[in-house]
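> My structure is below; once you've seen it, I'll send some questions.
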Amino acid sequence: MNNIIELKDLTKYYGKSRGIIDVSFSVREGEIFGFIGPNGAGKSTTIRTMLGLIHKTSGMASIFGKDCENEGHIIRKDIGYLPSEVFYYDDMKVIDLLKYSASFYGKIDMDRIRNLSSTLDLDLSRKIDDLSYGNKKKVGIVQGLIHNPKLIILDEPTSGLDPLMQQKFFELMREENKKGATILFSSHILSEVQKLCSRVCIIKEGRVIKVENINDMINTTYKKIRLNFKDQIPDALEQLDGISAAKKNHTEISFLYKGDINAITHQLCHYELQNVLIEEPDLEEIFLHYYGKEDASPESRQEQL
Amino acid sequence: MNIVKRELKAHLKSLLIWCGSMIFLIYAGMIKYSAFSETGEAVNEFMDSLPAQMKTILGLGDGNDLTSVAVFYSIFFLYFLLLAAVFSTMLGVTILAKEERDRTSDFLFTKPVTRVHVITCKIIAAVINLFVFTLVTLVASLLFVQPYLTEGMSLFLPIFLVCTALFFLELLFFGIGLFLASVTKNAKKASSLATLIILGTFILKVIIELYEKAKPLGFLSPFYYYNAQDLMFDRTLDVPFTILTLLLATAGACACYYFYQKRELLS
């Protein structure tokens, strides 16, 4: 399989402040590749450099085997891009904007526009200015898919979409992927990346921490668990394997759990519980308790890479 | 071509407003003229009594007969020019800077087009705008001057020359606008710098008119390049200044191509 995206030591400084440092990863053809990291980690910077909106400081970025900077306009023929924040020409109607967008790629395929918009429940006759944020986002999705791109780049695509719409959106992405599109999916929400992607790249403070298979990651996935006991918190609980960052408060304990979910549920049935909450920890928490230790020193960070 | 079309559409409203203002300026001016010409000599006497500096600032040369329609029209040139300068500079600034201001650059510049192509399309659309604006000025001038012409008198050529000079200067100011948009941080900064330049060069022109010694600085003020009296009565366009005007306009556009290529489009 060919590599669709290839980044090597890509570095971007905004003046003196850090954008990204030595980012390297490659995305294979037909893959749904996750790009994950907390806000300000450099996800958008990487994507914007790939799209030629900003200029790299050093390193190499190529898509379809072509250099992102010099041959950007050729590369972009086959890219569909959905920015994290969508802004369009306010004076236009949805249909006009979509037609305008399509006109950059040659023939305007009206059937495709209609199909995509009906899938997403997007009203074509409304003015952009009058749309809610979620609806603008839908315009962005349709706009990014009109020309059947070979590579779809999504920068935090689900913000502003309600859960039902998110579901439809994921389905749409899977469909496009089945038709052969490669997808780069940037997000700060681990669970949605896990749902869709086969591999992920984790980025923090401008540096790539790890590129992992999602299956490997699921086994090392953290759950945030909060338990309310009737009486005292049993001491044995804290001795369990895979528990970290425990916080106790009278009868309540919360911690991060890493490992087989069955192991902990079996344990929990021995106790009298008042309430239990198992949720996805946000990425910051995982970084703090997992990656946080590992990149304490520059040497250990080197080992990671 | 799709970008040109889009830009023409996006700027249509503002073009109509500017054309409307120009038509109103000419119309109101000619109404004033009709009052002047009826009052007759008294106007000239009053004007003569004004200090020379005052007359210079108002764009009145020495010994001009304000009851002549040609002279009266030539005074307009300065006001046309001011209006046109603001219109063209702002057009240059906004046509480029609006993408970042409205945060639509993410849309436009992730399309399969080079920045050079985008700028070229925008320039084409803007020059069409400037051309229409000048054409409207020409037609409105001819129309509103018509009733005051004596038999056998034609002001077509002088007015045509005035409008030609106006068009060249519009291109120059447009070039300045483009340049500002490509080097400043945002549209707001570009606009305020543009205002400063228009005001500064206009004041410079007035200073030059008042102090002979400042004449060598004339090339710094586009307002100084063409003299309405030359256009109207000698019926000539100053060739060196025309070349300078077009060169500067081209330089502005070239600088814009160069700097915008390097620009970081941040959202």
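Order determines the names: the first chain of the structure tokens is A, the second B, and so forth; residues in each chain are numbered 1 upward, and ligands are numbered 1 upward as they are shown.
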Could you list, as a PyMOL selection string, every residue of chain A that has an atom within 7 Å of an atom of chain B, counting only C-alpha atoms?
chain A and resi 51+53-55+73-74+76-77+87-89+103-104
> Could you write out the selected residues, including all heavy atoms, as a short mmCIF file (atom, residue, chain, number, x, y, z; two decimals), in the first residue's frame?

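part_34.cif, freshly written:
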data_model
loop_
_atom_site.label_atom_id
_atom_site.label_comp_id
_atom_site.auth_asym_id
_atom_site.auth_seq_id
_atom_site.Cartn_x
_atom_site.Cartn_y
_atom_site.Cartn_z
N LEU A 51 -1.89 21.73 4.13
CA LEU A 51 -2.78 22.33 3.13
C LEU A 51 -2.19 23.58 2.48
O LEU A 51 -2.80 24.19 1.61
CB LEU A 51 -4.12 22.69 3.78
CG LEU A 51 -5.01 21.50 4.16
CD1 LEU A 51 -6.10 21.94 5.09
CD2 LEU A 51 -5.58 20.86 2.92
N LEU A 53 -1.68 26.46 3.91
CA LEU A 53 -2.19 27.73 4.44
C LEU A 53 -1.09 28.47 5.19
O LEU A 53 -1.04 29.69 5.22
CB LEU A 53 -3.38 27.48 5.38
CG LEU A 53 -4.66 27.03 4.70
CD1 LEU A 53 -5.68 26.57 5.73
CD2 LEU A 53 -5.26 28.15 3.85
N ILE A 54 -0.22 27.70 5.84
CA ILE A 54 0.94 28.29 6.49
C ILE A 54 2.19 27.56 5.99
O ILE A 54 2.09 26.48 5.41
CB ILE A 54 0.84 28.20 8.03
CG1 ILE A 54 0.58 26.77 8.47
CG2 ILE A 54 -0.24 29.09 8.56
CD1 ILE A 54 0.52 26.61 9.98
N HIS A 55 3.33 28.20 6.20
CA HIS A 55 4.56 27.64 5.63
C HIS A 55 5.42 27.00 6.71
O HIS A 55 5.63 27.59 7.77
CB HIS A 55 5.33 28.73 4.92
CG HIS A 55 4.51 29.43 3.87
ND1 HIS A 55 4.12 28.80 2.72
CD2 HIS A 55 3.98 30.69 3.82
CE1 HIS A 55 3.40 29.64 2.00
NE2 HIS A 55 3.29 30.79 2.64
N HIS A 73 -1.48 23.23 -5.11
CA HIS A 73 -2.72 23.37 -5.88
C HIS A 73 -3.10 22.09 -6.61
O HIS A 73 -4.27 21.83 -6.86
CB HIS A 73 -2.61 24.55 -6.84
CG HIS A 73 -1.51 24.41 -7.86
ND1 HIS A 73 -0.19 24.44 -7.51
CD2 HIS A 73 -1.56 24.21 -9.19
CE1 HIS A 73 0.55 24.29 -8.61
NE2 HIS A 73 -0.26 24.15 -9.63
N ILE A 74 -2.09 21.26 -6.97
CA ILE A 74 -2.40 19.99 -7.64
C ILE A 74 -2.92 18.99 -6.60
O ILE A 74 -3.92 18.31 -6.83
CB ILE A 74 -1.13 19.42 -8.32
CG1 ILE A 74 -0.59 20.46 -9.31
CG2 ILE A 74 -1.45 18.11 -9.02
CD1 ILE A 74 0.78 20.14 -9.85
N ARG A 76 -4.39 19.60 -3.82
CA ARG A 76 -5.70 19.96 -3.25
C ARG A 76 -6.88 19.59 -4.13
O ARG A 76 -8.02 19.63 -3.68
CB ARG A 76 -5.70 21.46 -2.91
CG ARG A 76 -4.80 21.79 -1.72
CD ARG A 76 -5.07 23.17 -1.16
NE ARG A 76 -4.70 24.21 -2.10
CZ ARG A 76 -3.51 24.84 -2.11
NH1 ARG A 76 -2.60 24.52 -1.24
NH2 ARG A 76 -3.27 25.78 -3.00
N LYS A 77 -6.61 19.22 -5.41
CA LYS A 77 -7.70 18.75 -6.26
C LYS A 77 -8.37 17.53 -5.64
O LYS A 77 -9.55 17.31 -5.83
CB LYS A 77 -7.12 18.33 -7.62
CG LYS A 77 -7.10 19.44 -8.63
CD LYS A 77 -6.62 18.91 -9.97
CE LYS A 77 -6.22 20.10 -10.81
NZ LYS A 77 -5.22 19.78 -11.82
N PHE A 87 -16.41 28.99 8.49
CA PHE A 87 -16.86 30.34 8.14
C PHE A 87 -17.02 30.41 6.63
O PHE A 87 -16.11 30.06 5.90
CB PHE A 87 -15.83 31.38 8.57
CG PHE A 87 -15.73 31.53 10.05
CD1 PHE A 87 -14.78 30.83 10.76
CD2 PHE A 87 -16.61 32.36 10.73
CE1 PHE A 87 -14.70 30.94 12.14
CE2 PHE A 87 -16.53 32.49 12.10
CZ PHE A 87 -15.57 31.78 12.81
N TYR A 88 -18.18 30.86 6.19
CA TYR A 88 -18.39 30.98 4.76
C TYR A 88 -18.92 32.36 4.43
O TYR A 88 -19.23 33.14 5.32
CB TYR A 88 -19.34 29.89 4.26
CG TYR A 88 -18.76 28.52 4.47
CD1 TYR A 88 -19.34 27.61 5.32
CD2 TYR A 88 -17.56 28.18 3.83
CE1 TYR A 88 -18.77 26.37 5.53
CE2 TYR A 88 -16.98 26.95 4.05
CZ TYR A 88 -17.58 26.05 4.90
OH TYR A 88 -17.00 24.84 5.11
N TYR A 89 -19.00 32.61 3.13
CA TYR A 89 -19.49 33.92 2.68
C TYR A 89 -20.94 34.10 3.10
O TYR A 89 -21.82 33.40 2.61
CB TYR A 89 -19.34 34.01 1.17
CG TYR A 89 -17.92 33.76 0.73
CD1 TYR A 89 -17.52 32.52 0.24
CD2 TYR A 89 -16.96 34.76 0.84
CE1 TYR A 89 -16.20 32.29 -0.14
CE2 TYR A 89 -15.64 34.54 0.47
CZ TYR A 89 -15.27 33.30 -0.01
OH TYR A 89 -13.97 33.07 -0.37
N SER A 103 -17.33 24.35 -8.23
CA SER A 103 -16.82 24.90 -9.48
C SER A 103 -15.29 24.88 -9.54
O SER A 103 -14.70 25.02 -10.59
CB SER A 103 -17.34 26.32 -9.69
OG SER A 103 -16.74 27.20 -8.74
N PHE A 104 -14.65 24.71 -8.38
CA PHE A 104 -13.19 24.66 -8.37
C PHE A 104 -12.67 23.31 -8.87
O PHE A 104 -11.50 23.16 -9.14
CB PHE A 104 -12.66 24.88 -6.95
CG PHE A 104 -12.71 26.32 -6.52
CD1 PHE A 104 -13.81 26.83 -5.84
CD2 PHE A 104 -11.65 27.17 -6.80
CE1 PHE A 104 -13.86 28.14 -5.44
CE2 PHE A 104 -11.68 28.49 -6.40
CZ PHE A 104 -12.79 28.98 -5.72
#
> Tell me, as a list in words, which residues lie within 12 Å of A:Gly180, counting only C-alpha atoms; anything in the same chain fewer than 3 positions away does not count.
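Near neighbours after the sequence-gap exclusion: Ile4, Arg28, Glu29, Gly30, Glu31, Ile32, Asn148, Pro149, Lys150, Leu151, Ile152, Met173, Arg174, Glu175, Glu176, Asn177 and Ile183 of chain A.
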> What lies within 9 Å of stretch 154-167 of chain B using only C-alpha atoms, ignoring chain neighbours under 3 positions off, as a ChimeraX atom specification?
/B:70,73-74,77,80-81,84,130-131,133-135,137-138,141-142,145-146,149-151,170-172,226,228,231-237,242
> With C-alpha atoms kept, could you save the residues just selected as an mmCIF file, in the first residue's frame?

data_model
loop_
_atom_site.group_PDB
_atom_site.id
_atom_site.type_symbol
_atom_site.label_atom_id
_atom_site.label_comp_id
_atom_site.auth_asym_id
_atom_site.auth_seq_id
_atom_site.Cartn_x
_atom_site.Cartn_y
_atom_site.Cartn_z
ATOM 1 C CA ALA B 70 -15.489 74.099 -18.168
ATOM 2 C CA TYR B 73 -16.143 71.263 -13.961
ATOM 3 C CA SER B 74 -12.352 71.276 -13.688
ATOM 4 C CA PHE B 77 -11.507 66.915 -10.483
ATOM 5 C CA PHE B 80 -13.642 63.140 -7.894
ATOM 6 C CA LEU B 81 -10.134 62.195 -7.114
ATOM 7 C CA ALA B 84 -12.047 57.715 -6.243
ATOM 8 C CA LEU B 130 -12.869 50.553 -11.233
ATOM 9 C CA PHE B 131 -13.669 50.680 -14.924
ATOM 10 C CA PHE B 133 -16.983 53.375 -11.619
ATOM 11 C CA THR B 134 -15.015 55.582 -14.024
ATOM 12 C CA LEU B 135 -17.437 54.962 -16.848
ATOM 13 C CA THR B 137 -18.371 59.173 -13.739
ATOM 14 C CA LEU B 138 -17.804 59.905 -17.424
ATOM 15 C CA SER B 141 -20.455 64.156 -16.168
ATOM 16 C CA LEU B 142 -21.376 64.378 -19.829
ATOM 17 C CA VAL B 145 -22.826 69.208 -18.027
ATOM 18 C CA GLN B 146 -24.891 68.982 -21.200
ATOM 19 C CA LEU B 149 -23.200 73.943 -22.900
ATOM 20 C CA THR B 150 -23.572 76.741 -25.414
ATOM 21 C CA GLU B 151 -24.242 75.845 -28.991
ATOM 22 C CA GLU B 170 -7.623 54.663 -9.348
ATOM 23 C CA LEU B 171 -5.328 51.885 -10.520
ATOM 24 C CA LEU B 172 -2.505 53.430 -8.523
ATOM 25 C CA TYR B 226 -2.555 65.517 -12.926
ATOM 26 C CA ALA B 228 -7.246 69.656 -13.903
ATOM 27 C CA LEU B 231 -6.588 68.174 -18.701
ATOM 28 C CA MET B 232 -9.460 70.525 -19.416
ATOM 29 C CA PHE B 233 -7.822 73.288 -21.389
ATOM 30 C CA ASP B 234 -4.543 72.003 -22.829
ATOM 31 C CA ARG B 235 -6.263 68.713 -23.399
ATOM 32 C CA THR B 236 -3.152 66.697 -22.609
ATOM 33 C CA LEU B 237 -2.248 63.940 -20.171
ATOM 34 C CA THR B 242 1.160 58.777 -16.427
#
> Please determine, counting only C-alpha atoms, which residue among B:Leu244, B:Ala97, B:Ile23, B:Ala42 has the shortest atom-to-atom distance to B:Lys189.
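Once distances to B:Lys189 are computed over only C-alpha atoms, the minimum belongs to B:Ala97.
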> Find the residues around A:Arg18 up to 12 Å (only C-alpha atoms counted), leave out those fewer than 2 positions away in its own chain, and share them as a VMD selection string.
chain A and resid 11 to 16 20 to 22 40 to 42 45 to 46 56 to 57 204 to 207
> Please dump the current selection as a compact mmCIF listing (two decimals), in the first residue's frame; keep N, CA, C and O atoms.

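File produced: again.txt:
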# COMPACT_ATOMS: atom_id res chain seq x y z
N THR A 11 8.46 20.81 11.07
CA THR A 11 8.59 21.75 12.18
C THR A 11 8.02 23.09 11.76
O THR A 11 8.21 23.55 10.64
N LYS A 12 7.30 23.69 12.69
CA LYS A 12 6.74 25.01 12.40
C LYS A 12 6.82 25.88 13.65
O LYS A 12 6.31 25.51 14.71
N TYR A 13 7.49 26.99 13.51
CA TYR A 13 7.51 27.98 14.58
C TYR A 13 6.76 29.21 14.12
O TYR A 13 6.89 29.63 12.99
N TYR A 14 5.97 29.76 15.02
CA TYR A 14 5.35 31.06 14.74
C TYR A 14 6.25 32.09 15.39
O TYR A 14 6.14 32.32 16.59
N GLY A 15 7.15 32.65 14.61
CA GLY A 15 8.13 33.53 15.22
C GLY A 15 8.97 32.68 16.15
O GLY A 15 9.63 31.75 15.72
N LYS A 16 8.90 33.00 17.44
CA LYS A 16 9.68 32.20 18.38
C LYS A 16 8.84 31.14 19.07
O LYS A 16 9.37 30.23 19.70
N ILE A 20 4.78 23.20 15.86
CA ILE A 20 5.05 21.77 15.97
C ILE A 20 6.55 21.54 15.80
O ILE A 20 7.22 22.32 15.15
N ILE A 21 7.05 20.48 16.40
CA ILE A 21 8.47 20.18 16.32
C ILE A 21 8.67 18.74 15.86
O ILE A 21 8.16 17.80 16.49
N ASP A 22 9.40 18.58 14.77
CA ASP A 22 9.78 17.24 14.28
C ASP A 22 8.62 16.25 14.22
O ASP A 22 8.73 15.14 14.71
N GLY A 40 -4.31 22.91 21.39
CA GLY A 40 -3.03 23.62 21.39
C GLY A 40 -1.83 22.71 21.24
O GLY A 40 -0.70 23.14 21.35
N ALA A 41 -2.08 21.42 20.94
CA ALA A 41 -0.97 20.49 20.80
C ALA A 41 -0.27 20.64 19.46
O ALA A 41 0.88 20.24 19.31
N GLY A 42 -0.97 21.21 18.49
CA GLY A 42 -0.36 21.39 17.17
C GLY A 42 -1.06 20.62 16.06
O GLY A 42 -0.53 20.51 14.97
N THR A 45 -2.07 23.13 13.38
CA THR A 45 -0.85 23.62 12.73
C THR A 45 -0.35 22.62 11.70
O THR A 45 -0.01 22.98 10.58
N THR A 46 -0.33 21.34 12.09
CA THR A 46 0.12 20.30 11.16
C THR A 46 -0.76 20.28 9.92
O THR A 46 -0.27 20.28 8.78
N LYS A 56 5.92 25.82 6.40
CA LYS A 56 6.72 25.09 7.39
C LYS A 56 8.03 25.83 7.66
O LYS A 56 8.50 26.61 6.82
N THR A 57 8.61 25.59 8.82
CA THR A 57 9.92 26.15 9.14
C THR A 57 11.00 25.21 8.61
O THR A 57 11.97 25.65 8.01
N LYS A 204 1.43 15.95 21.51
CA LYS A 204 1.32 16.77 22.71
C LYS A 204 2.41 17.82 22.68
O LYS A 204 3.55 17.51 22.36
N GLU A 205 2.04 19.02 22.99
CA GLU A 205 2.96 20.15 23.00
C GLU A 205 3.85 20.18 21.76
O GLU A 205 5.05 20.42 21.83
N GLY A 206 3.22 19.94 20.62
CA GLY A 206 3.94 20.09 19.36
C GLY A 206 4.75 18.89 18.93
O GLY A 206 5.32 18.90 17.84
N ARG A 207 4.83 17.85 19.77
CA ARG A 207 5.63 16.69 19.39
C ARG A 207 4.78 15.44 19.33
O ARG A 207 3.87 15.27 20.14
> Within stretch 41-193 of chain A, find each residue whose DSSP state, derived from the backbone, is strand (DSSP E), and express the selection as a PDB file with C-alpha atoms, in the first residue's frame.

ATOM      1  CA  SER A  58      11.726  22.928   8.260  1.00  0.00           C
ATOM      2  CA  GLY A  59      11.154  19.273   7.500  1.00  0.00           C
ATOM      3  CA  MET A  60       9.136  17.630   4.781  1.00  0.00           C
ATOM      4  CA  ALA A  61       5.449  17.215   4.088  1.00  0.00           C
ATOM      5  CA  SER A  62       4.097  15.432   1.066  1.00  0.00           C
ATOM      6  CA  ILE A  63       0.697  14.200  -0.023  1.00  0.00           C
ATOM      7  CA  LYS A  66       3.952  15.580  -4.051  1.00  0.00           C
ATOM      8  CA  ASP A  67       5.436  18.368  -1.986  1.00  0.00           C
ATOM      9  CA  ILE A  79      -8.436  16.727  -0.892  1.00  0.00           C
ATOM     10  CA  GLY A  80     -11.613  17.451   0.959  1.00  0.00           C
ATOM     11  CA  TYR A  81     -11.044  19.607   4.015  1.00  0.00           C
ATOM     12  CA  LEU A  82     -13.359  20.343   6.890  1.00  0.00           C
ATOM     13  CA  LEU A 151      -8.079  12.238   0.916  1.00  0.00           C
ATOM     14  CA  ILE A 152     -10.444  13.709   3.484  1.00  0.00           C
ATOM     15  CA  ILE A 153      -8.929  15.877   6.181  1.00  0.00           C
ATOM     16  CA  LEU A 154     -11.157  16.504   9.176  1.00  0.00           C
ATOM     17  CA  ASP A 155     -10.161  18.964  11.866  1.00  0.00           C
ATOM     18  CA  THR A 182      -8.233   7.914   2.934  1.00  0.00           C
ATOM     19  CA  ILE A 183      -9.195   9.919   6.015  1.00  0.00           C
ATOM     20  CA  LEU A 184      -7.138  11.963   8.416  1.00  0.00           C
ATOM     21  CA  PHE A 185      -9.275  12.588  11.460  1.00  0.00           C
ATOM     22  CA  SER A 186      -8.061  15.100  13.992  1.00  0.00           C
ATOM     23  CA  SER A 187      -9.766  15.294  17.337  1.00  0.00           C
TER      24      SER A 187
END
> So which residues touch A:Pro281 within 10 Å, counting only C-alpha atoms, skipping near sequence neighbours fewer than 5 positions away, as a list in words?
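That gives Ile189, Leu190, Ser191, Thr221, Tyr222, Lys223, Lys224, Ile225, Phe255, Leu256, Tyr257 and Ile286 of chain A.
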> Let me see the file: selected residues, C-alpha atoms, as a CSV table (one decimal), in the first residue's frame.

chain,number,residue,atom,x,y,z
A,189,ILE,CA,-11.9,13.3,21.9
A,190,LEU,CA,-10.4,9.8,22.3
A,191,SER,CA,-13.6,7.9,22.0
A,221,THR,CA,-7.5,2.3,27.4
A,222,TYR,CA,-8.3,4.2,30.6
A,223,LYS,CA,-11.7,4.4,32.1
A,224,LYS,CA,-12.6,7.0,34.7
A,225,ILE,CA,-14.5,5.3,37.4
A,255,PHE,CA,-9.8,6.8,39.9
A,256,LEU,CA,-8.5,6.0,36.5
A,257,TYR,CA,-8.5,2.3,35.6
A,286,ILE,CA,-4.8,10.4,30.2
> Apply DSSP to the structure's backbone, then extract all residues of stretch 13-140 of chain B labelled alpha helix (DSSP H) and return them as a VMD selection string.
chain B and resid 13 to 39 41 to 49 52 to 58 69 to 101 105 to 108 115 to 140
> Quote the spacing between atom CA of B:Val4 and atom CA of A:Asp91 in Å to one decimal place.
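Between these atoms lies a distance of 16.2 Å.
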> Between A:Ser24, A:Asp90, A:Asn2, A:Phe35, which residue has the minimum interatomic distance to A:Ile203, considering only C-alpha atoms?
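Between A:Ser24, A:Asp90, A:Asn2, A:Phe35, the residue approaching A:Ile203 most closely is A:Phe35.
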> From the options B:Ser21, B:Thr67, B:Thr195, B:Thr250, which residue's atoms come nearest to B:Val43, counting only C-alpha atoms?
B:Thr67
> Enter the distance from atom CA of A:Ile209 to atom CA of A:Pro83, in Å, rounded to one decimal.
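That distance, rounded to one decimal, is 23.6 Å.
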> Considering only C-alpha atoms, return as a list in words whatever protein or nucleic-acid residues lie within 12 Å of B:Phe24, sequence-local ones (same chain, fewer than 4 positions apart) excluded.
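Contacts, with the query itself left out: Ile17, Trp18, Cys19, Gly20, Ala28, Gly29, Met30, Ile31, Phe80, Leu83, Val136, Thr137, Ala140, Ser141 and Phe144 of chain B.
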> Could you state the separation of atom CA of A:Phe64 and atom CA of A:Met50 in Å, given to one decimal place?
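These two atoms are separated by 11.5 Å.
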> Do a neighbour search on B:Tyr260 at 12 Å with only C-alpha atoms, toss out local chain neighbours closer than 6 positions, and write the hits as a list of chain:residue names.
A:Leu53, A:Ile54, A:His55, B:Leu96, B:Ala97, B:Glu100, B:Phe109, B:Thr114, B:Arg115, B:Val116, B:His117, B:Val118, B:Ile119, B:Thr120, B:Leu178, B:Phe179, B:Leu180, B:Ala181, B:Ser182, B:Val183, B:Thr184, B:Lys185, B:Gly252, B:Ala253, B:Cys254
> Deliver the residues from the most recent selection as a file, using N, CA, C and O atoms, as a compact mmCIF listing (two decimals), in the first residue's frame.

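Okay, this is what ended up in out_30.txt:
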# COMPACT_ATOMS: atom_id res chain seq x y z
N LEU A 53 -1.68 26.46 3.91
CA LEU A 53 -2.19 27.73 4.44
C LEU A 53 -1.09 28.47 5.19
O LEU A 53 -1.04 29.69 5.22
N ILE A 54 -0.22 27.70 5.84
CA ILE A 54 0.94 28.29 6.49
C ILE A 54 2.19 27.56 5.99
O ILE A 54 2.09 26.48 5.41
N HIS A 55 3.33 28.20 6.20
CA HIS A 55 4.56 27.64 5.63
C HIS A 55 5.42 27.00 6.71
O HIS A 55 5.63 27.59 7.77
N LEU B 96 -8.77 41.67 -0.90
CA LEU B 96 -7.82 40.65 -0.46
C LEU B 96 -7.98 40.33 1.03
O LEU B 96 -8.08 39.17 1.42
N ALA B 97 -8.06 41.38 1.83
CA ALA B 97 -8.02 41.19 3.28
C ALA B 97 -9.32 40.62 3.83
O ALA B 97 -9.35 40.06 4.92
N GLU B 100 -9.41 36.93 5.12
CA GLU B 100 -8.95 36.66 6.47
C GLU B 100 -9.89 37.30 7.50
O GLU B 100 -10.14 36.72 8.55
N PHE B 109 -8.46 29.09 0.09
CA PHE B 109 -7.08 28.69 -0.20
C PHE B 109 -6.82 27.19 0.03
O PHE B 109 -5.69 26.74 -0.10
N THR B 114 -3.69 28.23 -6.95
CA THR B 114 -2.52 28.86 -6.34
C THR B 114 -2.93 30.24 -5.84
O THR B 114 -3.95 30.79 -6.28
N ARG B 115 -2.13 30.79 -4.94
CA ARG B 115 -2.45 32.14 -4.46
C ARG B 115 -2.33 33.15 -5.60
O ARG B 115 -3.09 34.11 -5.67
N VAL B 116 -1.37 32.90 -6.50
CA VAL B 116 -1.20 33.80 -7.65
C VAL B 116 -2.51 33.85 -8.45
O VAL B 116 -2.97 34.92 -8.84
N HIS B 117 -3.08 32.69 -8.66
CA HIS B 117 -4.32 32.63 -9.42
C HIS B 117 -5.44 33.41 -8.71
O HIS B 117 -6.16 34.19 -9.35
N VAL B 118 -5.54 33.22 -7.41
CA VAL B 118 -6.59 33.91 -6.65
C VAL B 118 -6.40 35.44 -6.77
O VAL B 118 -7.35 36.17 -7.06
N ILE B 119 -5.16 35.89 -6.58
CA ILE B 119 -4.91 37.33 -6.64
C ILE B 119 -5.22 37.86 -8.04
O ILE B 119 -5.86 38.91 -8.18
N THR B 120 -4.80 37.12 -9.07
CA THR B 120 -5.06 37.57 -10.43
C THR B 120 -6.57 37.73 -10.66
O THR B 120 -7.02 38.75 -11.19
N LEU B 178 -3.82 47.00 -2.41
CA LEU B 178 -3.40 45.59 -2.49
C LEU B 178 -2.14 45.37 -1.68
O LEU B 178 -2.02 44.42 -0.91
N PHE B 179 -1.19 46.28 -1.89
CA PHE B 179 0.08 46.16 -1.19
C PHE B 179 -0.14 46.18 0.33
O PHE B 179 0.38 45.32 1.05
N LEU B 180 -0.94 47.13 0.78
CA LEU B 180 -1.19 47.23 2.22
C LEU B 180 -1.83 45.96 2.75
O LEU B 180 -1.46 45.45 3.81
N ALA B 181 -2.79 45.43 1.99
CA ALA B 181 -3.48 44.21 2.45
C ALA B 181 -2.51 43.04 2.57
O ALA B 181 -2.67 42.18 3.43
N SER B 182 -1.50 43.02 1.71
CA SER B 182 -0.60 41.86 1.71
C SER B 182 0.47 41.95 2.80
O SER B 182 1.04 40.94 3.17
N VAL B 183 0.76 43.15 3.28
CA VAL B 183 1.82 43.25 4.28
C VAL B 183 1.35 43.52 5.70
O VAL B 183 2.09 43.28 6.65
N THR B 184 0.12 44.01 5.86
CA THR B 184 -0.31 44.32 7.22
C THR B 184 -0.95 43.09 7.87
O THR B 184 -1.33 42.15 7.18
N LYS B 185 -1.07 43.18 9.17
CA LYS B 185 -1.53 42.02 9.93
C LYS B 185 -3.00 41.70 9.66
O LYS B 185 -3.37 40.56 9.53
N GLY B 252 2.73 48.00 -6.98
CA GLY B 252 1.85 47.62 -5.86
C GLY B 252 1.33 46.21 -6.04
O GLY B 252 1.36 45.39 -5.12
N ALA B 253 0.88 45.92 -7.27
CA ALA B 253 0.33 44.59 -7.54
C ALA B 253 1.43 43.52 -7.41
O ALA B 253 1.21 42.47 -6.82
N CYS B 254 2.60 43.82 -7.96
CA CYS B 254 3.70 42.83 -7.90
C CYS B 254 4.10 42.56 -6.44
O CYS B 254 4.29 41.41 -6.06
